[in-house]
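Asker: After the structure tokens below, expect a handful of questions from me.
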Amino acid sequence: MSEEMKKEVLLSVKDLVVRFGKKRKPFTAVDKVSFDIYKGETFGLVGESGSGKTTIGRAVIRVAPTAGGDIFYSGEKINGKISKELDKSITRKVQMIFQDPMASLNERAKVDYIVSEGIYKSTKKDERKKLVDAALMDVGLLPEFSSRFPHEFSGGQRQRIGIARALIMQPEFIIADEPISALDVSIRAQVLNLLSDLQKKRNLTYLFISHDLSVMRFICDRIAVIHKGKIVELADTEELFQHPLHPYTRALLSAVPMPDPVNEKHKELIVYDPSIHHYETDKPVWSEITPGHFIYANQAELENYQKDLMK
């Protein structure tokens with residue numbers, strides 16, 4: 001039995017399609033995307049702005065309606081019309097950390113209400129206070145901060161409040177949508193380390209969405225590369241960095257800054273040109289080129305990629 005067969009699939013996305021706009025001129029933001037996320041792992045979704053990565057996260061959390069395909073959580077279909085009981089269960093088990101800690105927190109509400117909003121109706125005041133204090137402590141904030149307003153905090157502290165709000169629901173699965181891109185560079189490592197520590201402590205599973213591959217390398221177990229609504233490559237993190245095959249993946253990796261100024265000065269920036277693909281007759285398919293390494297390519301490209309791997 002292979003290692004992947006032994007792993008428990010927590011979230012499974014099959015041929016997902018998300019469209020926006022009117023019926024006459026619909027825009028397909030996500031085009032037949034498929035992937036599995038295993039329990040306890042951090043699965044990365046990387047791509048440039050407008051590639052559809054955030055839309056996938058919003059479809060999983062049932063904010064963006066799906067036009068096609070299926071999303072399964074622990075074997076149960078969670079997109080489209082579902083029962084109230086399942087909807088309530090998914091709301092608790094699946095939480096999201098948003099990109100902008102300034103916009104995602106209610107400026108008029110105090111921290112204790114912001115963090116406890118998800119459990120407000122189901123808990124009594126004393127119990128709620130204990131849970132809020134514990135959630136704030138878990139993210140490295142003092143319980144006395146609960147009586148303050150969001151504008152009294154720095155960007156990094158606000159993002160910690162956002163993480164506490166997700167944690168108080170006791171979730172199993174967290175979608176982290178560019179959780180550090182709006183933060184100062186000095187704070188980013190702290191928030192990443194916090195997410196990593198919480199994962200170990202609470203056995204969490206993450207869908208980590210970002211455009212920054214250097215961050216992805218630090219935190220993700222596997223990475224899927226998305227371009228214009230389609231996943232073009234998926235592999236274990238180190239496999240993707242060591243053997244990037246798709247031209248778009250190579251272009252993204254070439255843009256990652258190097259710590260050595262000499263190498264940075266002489267590195268070659270690759271620009272992705274979609275016209276290099278000839279899909280008129282030889283149509284592309286989603287293929288497993290080596291165990292765990294998937295790529296969107298036609299037959300001619302697959303042969304070339306296999307030659308590249310053998311070099």
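Residue numbers start at 1 in each chain; chains themselves are named A, B, ... in the order of the structure tokens; ligands are numbered from 1 in the order shown.
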Considering only C-alpha atoms, return as JSON, numbers by chain whatever protein or nucleic-acid residues lie within 12 Å of Lys81 of chain A, sequence-local ones (same chain, fewer than 5 positions apart) excluded.
Answerer: {"A": [62, 65, 66, 70, 71, 86, 87]}
Asker: Just the residues within 6 Å of segment 38-51 of chain A, please, counting only C-alpha atoms, with nothing from its chain fewer than 5 positions along; format it as a list in words.
Answerer: Glu8, Val9, Leu10, Asn203, Leu204, Thr205, Tyr206, Leu207, Phe208, Ile209, Ser210, His211, Cys220, Asp221, Arg222, Ile223, Ala224, Val225, Ile226, His227, Lys228 and Gly229 of chain A
Asker: For the atom pair atom CA of Ser181 of chain A and atom CA of Ile56 of chain A, what is the interatomic distance in Å to one decimal place?
Answerer: 18.1 Å
Asker: Ranking A:Met258, A:Ile161, A:Val33, A:Ile78 by minimum distance to Phe98 of chain A and counting only C-alpha atoms, which one comes first?
Answerer: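 Looking at the shortest contact to Phe98 of chain A, the residue is A:Ile161.
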Asker: Looking at only C-alpha atoms, which of A:Arg148, A:Arg19, A:Arg24, A:Lys88 is the one that sits closest to Ala59 of chain A?
Answerer: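 The closest residue to Ala59 of chain A is A:Arg19.
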Asker: As an MDAnalysis selection string, please: every residue in segment 65-285 of chain A that a backbone DSSP assignment puts in alpha helix (DSSP H).
Answerer: chainID A and resid 84:93 111:116 125:138 155:167 185:202 213:219 237:242 247:254 261:266
Asker: Ala189 of chain A: which residues within 12 Å, counting only C-alpha atoms, same-chain residues fewer than 5 positions away excluded, as a list in words?
Answerer: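 The contact residues come out as Gly156, Pro179, Ile180, Ser181, Leu183, Asp184, Leu194, Leu195, Ser196, Ser214, Val215, Phe218 and Ile219 of chain A.
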Asker: Give me the residues within 12 Å of Pro244 of chain A as a ChimeraX atom specification, counting only C-alpha atoms and dropping any in the same chain fewer than 2 places off.
Answerer: /A:223-225,232-242,246-254,289,293-295,305-306,308-309
Asker: Could you give me, as a ChimeraX atom specification, the residues within 6 Å of Val30 of chain A, counting only C-alpha atoms and dropping anything in the same chain fewer than 5 positions from it?
Answerer: /A:17-18,52,229
Asker: Atom CA of Phe153 of chain A and atom CA of Lys93 of chain A are how many Å apart?
Answerer: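 Answer for the atom CA of Phe153 of chain A to atom CA of Lys93 of chain A separation: 27.8 Å.
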Asker: Which parts of segment 220-255 of chain A does DSSP call strand (DSSP E or B) when run on the backbone here, written out as an MDAnalysis selection string?
Answerer: chainID A and resid 222:227 230:236
Asker: Between atom CA of Phe145 of chain A and atom CA of Asp197 of chain A, what is the distance, to one decimal in Å?
Answerer: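 Distance between the two atoms: 21.7 Å.
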Asker: So which residues touch Ser154 of chain A within 10 Å, counting only C-alpha atoms, skipping near sequence neighbours fewer than 4 positions away, as a list of chain:residue names?
Answerer: A:Pro101, A:Met102, A:Pro150, A:Arg158, A:Gln159, A:Arg160, A:Leu183, A:Asp184, A:Ile187
